[in-house]
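Structure first, then comments.
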Amino acid sequence: MTDTHNDASTDNFHKRTITLPRGTLELTYQINTATKRSINSKNFNAAKQPYQLEDLLGFAQRINPKRAFLFVSKVLGRHIPVTPTIMRNTFTDLAALVPNNLPEPIVVVGMAETAVGLSAGVHQALQTRYPNALLLNSTRHTQHDDDNNAAADTLLATFSEDHSHASQHLIYQSPDQVTQEQLLASKTLIMVDDEASTGNTCINVVNALYSAGLSQLAQVHLTTLVDWSLGQAGMDDTLSKRLPDIDFYRHHLLSGAWQWTDAPNPEPITMPSVDTTAAGSQPLGDTGNWGRFPTLDSTAGFINYLTQFQQRLTNFKGQESFSDVSLPPRTLVLGSNEFVWLPFLLAEWLENEAAVQARNKSSEATAMVKFSALTRSPIATGSAITTMLSFTDNYGLGMTNFAYNVNPNDWDLIVLCVETAINSVDALWTDLDNVLVIGPMP
């Protein structure tokens with residue numbers, strides 16, 4: 001697979017052409033006022049610069065007949081390993097674009113599976129201004145029935161993301177009556193996703209939530225890393241007509257438009273069977289509440305999770321206590337599918353711990369920590385996707401999962417975080433000597 005591109009700039013608009021095996025992607029984009037903090041290998045520089053296309057995106061080919069190309073995020077920690085600092089700064093910078101004085105109550109809704117960590121990070125940053133904002137993520141995992149608390153598994157709404165490899169999404173209500181009442185009273189919806197093109201998914205979400213009882217919604221803020229609706233004639237008018245009683249706003253780090261042209265006689269593709277919202281045979285364990293049900297505090301389970309990790313790593317390293325453990329030079333933390341928020345917080349903690357250990361040793365070399373995740377998204381290798389590992393999912397769905405741009409030999413330690421039992425993990429991971437699997441909290 002080859003990826004060739006050409007860049008051209010005219011005034012505030014930039015053009016780029018990406019050639020992929022199944023066709024050509026033509027981009028027109030503009031650099032917005034949204035800025036990022038620049039980081040080098042030794043210190044944090046508070047000076048801010050505009051986000052560039054290359055800061056945010058690479059490109060690859062989907063194994064998907066609905067859409068042949070993929071915008072590969074460089075800041076999400078999903079398909080490309082990223083330092084937690086870069087991820088955290090992106091969450092904060094995106095949240096900063098959301099205005100003050102929004103009508104409350106507010107609910108932040110993230111899109112599974114790619115944006116559930118992004119939404120939690122944006123939500124956490126927004127809580128400095130809106131401390132009572134709720135977080136609610138969509139999911140593709142039907143929750144197992146709980147006979148002791150049937151309300152916990154009550155579906156609130158469903159909607160479709162038509163271009164996706166797994167189009168159906170589920171949204172669950174809260175088992176807590178007060179939280180559920182606050183959710184239904186929401187006046188502002190902040191919808192968080194990695195990218196937007198037509199606004200159709202946003203409309204589907206709003207219609208689904210409105211029909212489910214969020215009838216007081218007055219404002220919708222589509223908050224994305226990149227908005228590809230630039231130049232679409234009448235998009236906002238269309239949204240206003242379809243959502244006549246709701247004011248619609250968009251916030252993004254970069255904006256543009258794309259046009260795809262199929263290559264002559266492209267080779268046919270077969271997408272793996274990944275479009276399911278089944279529960280799977282492996283039950284989901286206790287990993288806190290990071291938005292699969294409405295929550296005010298997405299970090300509530302982290303302290304217990306961190307304690308479990310420290311105990312497991314201490315045993316893994318054959319030490320008496322965690323204070324005796326030195327972090328290896330290269331550590332990769334992997335979330336799994338939608339379970340990425342607590343693993344990200346763990347990676348962020350490890351990044352800070354690495355800096356502390358370096359200072360204590362008066363060392364100029366700080367251990368490297370990066371974050372990425374397993375996914376059900378089928379992508380061809382080439383361009384931004386240099387390597388691909390495939391294996392059976394840990395949810396008991398019998399589907400293929402993938403890890404991209406991860407060569408296990410490049411890492412001294414891989415911490416694989418799952419929300420199912422440890423023995424549900426494919427042998428591809430458990431047979432590796434440098435992989436520590438962290439399961440649900442006991």
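Ligands are numbered from 1 in the order shown, residues from 1 within each chain, and chains are lettered A, B, ... in the order they appear in the structure tokens.
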**OP:** Extract, using only C-alpha atoms, all DNA, RNA and protein residues at most 6 Å from range 410-419 of chain A, discarding same-chain residues fewer than 5 positions from it, and format them as a ChimeraX atom specification.
**Re:** /A:284-285,330-336,434-440
**OP:** Tell me which protein, DNA and RNA residues are within 9 Å of Gln180 in chain A, counting only C-alpha atoms, leaving out same-chain ones fewer than 6 positions away, and put them as a list in words.
**Re:**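 Residues meeting the cut-off are Gln173, Ser174 and Pro294 of chain A.
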Write out, as a compact mmCIF listing (two decimals), in the first residue's frame, the residues just selected, with N, CA and C atoms.
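Writing the result to part_22.txt gives the following:
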# COMPACT_ATOMS: atom_id res chain seq x y z
N GLN A 173 -29.79 4.25 30.54
CA GLN A 173 -30.20 5.23 31.54
C GLN A 173 -29.51 4.92 32.86
N SER A 174 -29.71 5.79 33.84
CA SER A 174 -29.07 5.63 35.14
C SER A 174 -29.94 4.80 36.07
N PRO A 294 -24.99 7.11 33.00
CA PRO A 294 -24.73 8.52 33.31
C PRO A 294 -23.98 8.66 34.63
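Note that DSSP on the backbone gives strand (DSSP E or B) to these residues of range 264-378 of chain A: Asp286, Thr295, Arg330, Thr331, Leu332, Val333, Leu334, Gly335, Ser336, Phe339, Met368, Val369, Lys370, Phe371, Ser372, Ala373, Leu374 and Thr375 of chain A.
Using only C-alpha atoms for every distance, the candidate list A:Gly77, A:Pro105, A:Pro266, A:Pro343 yields A:Gly77 as the residue closest to Thr375 in chain A.
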Please provide the set of residues having any atom within 7 Å of Tyr29 in chain A, restricted to only C-alpha atoms, with same-chain residues fewer than 4 positions apart removed, written as a PDB file with N, CA and C atoms, in the first residue's frame.
ATOM      1  N   PHE A  13      -6.755  28.766   3.231  1.00  0.00           N
ATOM      2  CA  PHE A  13      -7.160  27.411   2.900  1.00  0.00           C
ATOM      3  C   PHE A  13      -5.965  26.603   2.396  1.00  0.00           C
ATOM      4  N   HIS A  14      -5.942  25.362   2.813  1.00  0.00           N
ATOM      5  CA  HIS A  14      -4.885  24.445   2.405  1.00  0.00           C
ATOM      6  C   HIS A  14      -5.524  23.277   1.668  1.00  0.00           C
ATOM      7  N   LYS A  15      -4.795  22.730   0.730  1.00  0.00           N
ATOM      8  CA  LYS A  15      -5.286  21.574  -0.026  1.00  0.00           C
ATOM      9  C   LYS A  15      -4.274  20.439   0.090  1.00  0.00           C
ATOM     10  N   SER A 255     -10.909  22.412  10.751  1.00  0.00           N
ATOM     11  CA  SER A 255     -12.108  22.231   9.918  1.00  0.00           C
ATOM     12  C   SER A 255     -11.703  22.100   8.459  1.00  0.00           C
ATOM     13  N   GLY A 256     -12.538  21.397   7.716  1.00  0.00           N
ATOM     14  CA  GLY A 256     -12.233  21.208   6.311  1.00  0.00           C
ATOM     15  C   GLY A 256     -13.346  20.476   5.591  1.00  0.00           C
ATOM     16  N   ALA A 257     -13.032  20.021   4.403  1.00  0.00           N
ATOM     17  CA  ALA A 257     -13.969  19.247   3.597  1.00  0.00           C
ATOM     18  C   ALA A 257     -13.179  18.193   2.847  1.00  0.00           C
TER      19      ALA A 257
END
**OP:** May I have the residues within 12 Å of Pro21 in chain A as a list of chain:residue names, using only C-alpha atoms and disregarding those fewer than 6 positions away in the same chain?
**Re:**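 Surrounding residues, per the criterion: A:Met1, A:Thr2, A:Asp3, A:Thr4, A:Phe59, A:Ala60, A:Gln61, A:Arg62, A:Ile63, A:Ala68, A:Phe69, A:Thr261, A:Asp262, A:Ala263, A:Pro264, A:Asn265, A:Pro266, A:Glu267, A:Pro268, A:Ile269, A:Ala380, A:Thr381, A:Gly382, A:Ser383.
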Mind writing the picked residues with N, CA and C atoms as a PDB file, in the first residue's frame?
ATOM      1  N   MET A   1       0.850  -1.195   0.000  1.00  0.00           N
ATOM      2  CA  MET A   1       0.000   0.000   0.000  1.00  0.00           C
ATOM      3  C   MET A   1       0.877   1.233   0.000  1.00  0.00           C
ATOM      4  N   THR A   2       0.534   2.208  -0.815  1.00  0.00           N
ATOM      5  CA  THR A   2       1.288   3.456  -0.860  1.00  0.00           C
ATOM      6  C   THR A   2       0.377   4.608  -0.478  1.00  0.00           C
ATOM      7  N   ASP A   3       0.985   5.655   0.030  1.00  0.00           N
ATOM      8  CA  ASP A   3       0.253   6.866   0.382  1.00  0.00           C
ATOM      9  C   ASP A   3       1.061   8.032  -0.153  1.00  0.00           C
ATOM     10  N   THR A   4       0.586   8.675  -1.192  1.00  0.00           N
ATOM     11  CA  THR A   4       1.268   9.844  -1.723  1.00  0.00           C
ATOM     12  C   THR A   4       0.386  11.058  -1.484  1.00  0.00           C
ATOM     13  N   PHE A  59      -3.606   8.917   7.603  1.00  0.00           N
ATOM     14  CA  PHE A  59      -4.648   8.398   6.720  1.00  0.00           C
ATOM     15  C   PHE A  59      -4.389   6.921   6.440  1.00  0.00           C
ATOM     16  N   ALA A  60      -5.469   6.185   6.239  1.00  0.00           N
ATOM     17  CA  ALA A  60      -5.352   4.756   5.968  1.00  0.00           C
ATOM     18  C   ALA A  60      -6.595   4.284   5.237  1.00  0.00           C
ATOM     19  N   GLN A  61      -6.567   3.026   4.840  1.00  0.00           N
ATOM     20  CA  GLN A  61      -7.687   2.429   4.114  1.00  0.00           C
ATOM     21  C   GLN A  61      -8.506   1.551   5.048  1.00  0.00           C
ATOM     22  N   ARG A  62      -9.801   1.808   5.113  1.00  0.00           N
ATOM     23  CA  ARG A  62     -10.696   0.951   5.871  1.00  0.00           C
ATOM     24  C   ARG A  62     -10.925  -0.370   5.130  1.00  0.00           C
ATOM     25  N   ILE A  63     -11.181  -1.416   5.887  1.00  0.00           N
ATOM     26  CA  ILE A  63     -11.729  -2.642   5.301  1.00  0.00           C
ATOM     27  C   ILE A  63     -13.233  -2.570   5.546  1.00  0.00           C
ATOM     28  N   ALA A  68     -14.210   3.922   2.198  1.00  0.00           N
ATOM     29  CA  ALA A  68     -12.962   3.233   1.897  1.00  0.00           C
ATOM     30  C   ALA A  68     -11.748   3.799   2.611  1.00  0.00           C
ATOM     31  N   PHE A  69     -11.871   4.939   3.266  1.00  0.00           N
ATOM     32  CA  PHE A  69     -10.713   5.580   3.879  1.00  0.00           C
ATOM     33  C   PHE A  69     -10.982   5.857   5.352  1.00  0.00           C
ATOM     34  N   THR A 261     -12.678   9.902  -4.450  1.00  0.00           N
ATOM     35  CA  THR A 261     -12.872   9.371  -5.795  1.00  0.00           C
ATOM     36  C   THR A 261     -12.353   7.949  -5.833  1.00  0.00           C
ATOM     37  N   ASP A 262     -13.216   7.004  -6.182  1.00  0.00           N
ATOM     38  CA  ASP A 262     -12.809   5.603  -6.250  1.00  0.00           C
ATOM     39  C   ASP A 262     -11.757   5.393  -7.333  1.00  0.00           C
ATOM     40  N   ALA A 263     -10.825   4.503  -7.038  1.00  0.00           N
ATOM     41  CA  ALA A 263      -9.875   4.085  -8.062  1.00  0.00           C
ATOM     42  C   ALA A 263     -10.589   3.234  -9.106  1.00  0.00           C
ATOM     43  N   PRO A 264     -10.100   3.216 -10.341  1.00  0.00           N
ATOM     44  CA  PRO A 264     -10.724   2.355 -11.366  1.00  0.00           C
ATOM     45  C   PRO A 264     -10.632   0.877 -10.973  1.00  0.00           C
ATOM     46  N   ASN A 265     -11.736   0.215 -10.992  1.00  0.00           N
ATOM     47  CA  ASN A 265     -11.796  -1.221 -10.721  1.00  0.00           C
ATOM     48  C   ASN A 265     -11.078  -1.621  -9.426  1.00  0.00           C
ATOM     49  N   PRO A 266     -11.475  -1.024  -8.310  1.00  0.00           N
ATOM     50  CA  PRO A 266     -10.823  -1.388  -7.048  1.00  0.00           C
ATOM     51  C   PRO A 266     -11.105  -2.846  -6.696  1.00  0.00           C
ATOM     52  N   GLU A 267     -10.146  -3.465  -6.014  1.00  0.00           N
ATOM     53  CA  GLU A 267     -10.331  -4.850  -5.612  1.00  0.00           C
ATOM     54  C   GLU A 267     -11.472  -4.949  -4.605  1.00  0.00           C
ATOM     55  N   PRO A 268     -12.315  -5.970  -4.739  1.00  0.00           N
ATOM     56  CA  PRO A 268     -13.397  -6.131  -3.749  1.00  0.00           C
ATOM     57  C   PRO A 268     -12.831  -6.460  -2.376  1.00  0.00           C
ATOM     58  N   ILE A 269     -13.551  -6.054  -1.332  1.00  0.00           N
ATOM     59  CA  ILE A 269     -13.109  -6.316   0.031  1.00  0.00           C
ATOM     60  C   ILE A 269     -14.240  -7.000   0.796  1.00  0.00           C
ATOM     61  N   ALA A 380      -6.768  -1.674   6.840  1.00  0.00           N
ATOM     62  CA  ALA A 380      -5.685  -2.279   6.079  1.00  0.00           C
ATOM     63  C   ALA A 380      -4.351  -1.674   6.495  1.00  0.00           C
ATOM     64  N   THR A 381      -3.298  -2.469   6.436  1.00  0.00           N
ATOM     65  CA  THR A 381      -1.970  -1.936   6.720  1.00  0.00           C
ATOM     66  C   THR A 381      -1.506  -1.072   5.557  1.00  0.00           C
ATOM     67  N   GLY A 382      -0.628  -0.132   5.896  1.00  0.00           N
ATOM     68  CA  GLY A 382      -0.126   0.829   4.926  1.00  0.00           C
ATOM     69  C   GLY A 382      -0.378   2.233   5.406  1.00  0.00           C
ATOM     70  N   SER A 383       0.421   3.186   4.926  1.00  0.00           N
ATOM     71  CA  SER A 383       0.288   4.586   5.294  1.00  0.00           C
ATOM     72  C   SER A 383       0.420   4.744   6.810  1.00  0.00           C
TER      73      SER A 383
END
Original post:
Neighbours of Phe309 in chain A within 9 Å (only C-alpha atoms; same-chain residues fewer than 5 positions away dropped), as a ChimeraX atom specification?
Top reply: /A:304,314,346,438
Expected file: the selected residues, C-alpha atoms, as a PDB file, in the first residue's frame:
ATOM      1  CA  ASN A 304      -8.901   0.966  43.597  1.00  0.00           C
ATOM      2  CA  THR A 314       4.949  -5.745  42.041  1.00  0.00           C
ATOM      3  CA  LEU A 346      -3.309   4.609  34.616  1.00  0.00           C
ATOM      4  CA  ILE A 438      -5.052  -6.235  34.362  1.00  0.00           C
TER       5      ILE A 438
END
Subject >> Contacts of range 187-189 of chain A within 12 Å, only C-alpha atoms, excl. fewer than 6 positions in-chain, as number ranges by chain >> reply: A: 98-110, 123, 130, 133-136, 202-203, 205-207, 209-210, 213-223, 245-250
Original post:
Which of these, A:Ala95, A:Ala355, A:Leu126, A:Leu253, has the shortest distance to Ala367 in chain A once you count only C-alpha atoms?
Top reply: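 Of all the options, A:Ala355 lies closest to Ala367 in chain A.
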Original post:
Between A:Ala196, A:Leu76, A:Ala279, A:Leu432, which has the minimum distance to Leu118 in chain A (counting only C-alpha atoms)?
Top reply: A:Leu76
**OP:** Can you list, as a PyMOL selection string, all residues belonging to range 57-273 of chain A that DSSP tags as helix (DSSP H, G or I)?
**Re:** chain A and resi 84-95+116-126+150-153+177-184+200-211+235-242
**OP:** Between A:Thr270, A:Asn289, A:Thr420, A:Gln308, single out the one closest to Pro378 in chain A, counting only C-alpha atoms.
**Re:** A:Thr270
Original post:
Within 12 Å of Thr114 in chain A, counting only C-alpha atoms, which residues qualify if same-chain residues fewer than 4 places away don't, as a ChimeraX atom specification?
Top reply: /A:71-73,75-79,110,118-120,137-140,164-166,192-195,224-225,335-341,372-377
**OP:** Would you mind reading off the distance between CA of Gly398 in chain A and CA of Val425 in chain A, one decimal, in Å?
**Re:**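 Value for the CA of Gly398 in chain A-CA of Val425 in chain A distance: 11.9 Å.
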Original post:
So, counting only C-alpha atoms, which residue among A:Leu97, A:Leu230, A:Ile86, A:Ala354 is closest to Thr33 in chain A?
Top reply: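 Checking each candidate against Thr33 in chain A, we get A:Leu97 as the closest.
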Original post:
Between CA of Leu428 in chain A and CA of Asp286 in chain A, what is the spacing in Å?
Top reply: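 Between CA of Asp286 in chain A and CA of Leu428 in chain A the gap works out to 24.3 Å.
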Original post:
So which one's closest to Ser298 in chain A, A:Val82, A:Val116, A:Ala421, A:Ala427? Using only C-alpha atoms, please.
Top reply: A:Val116
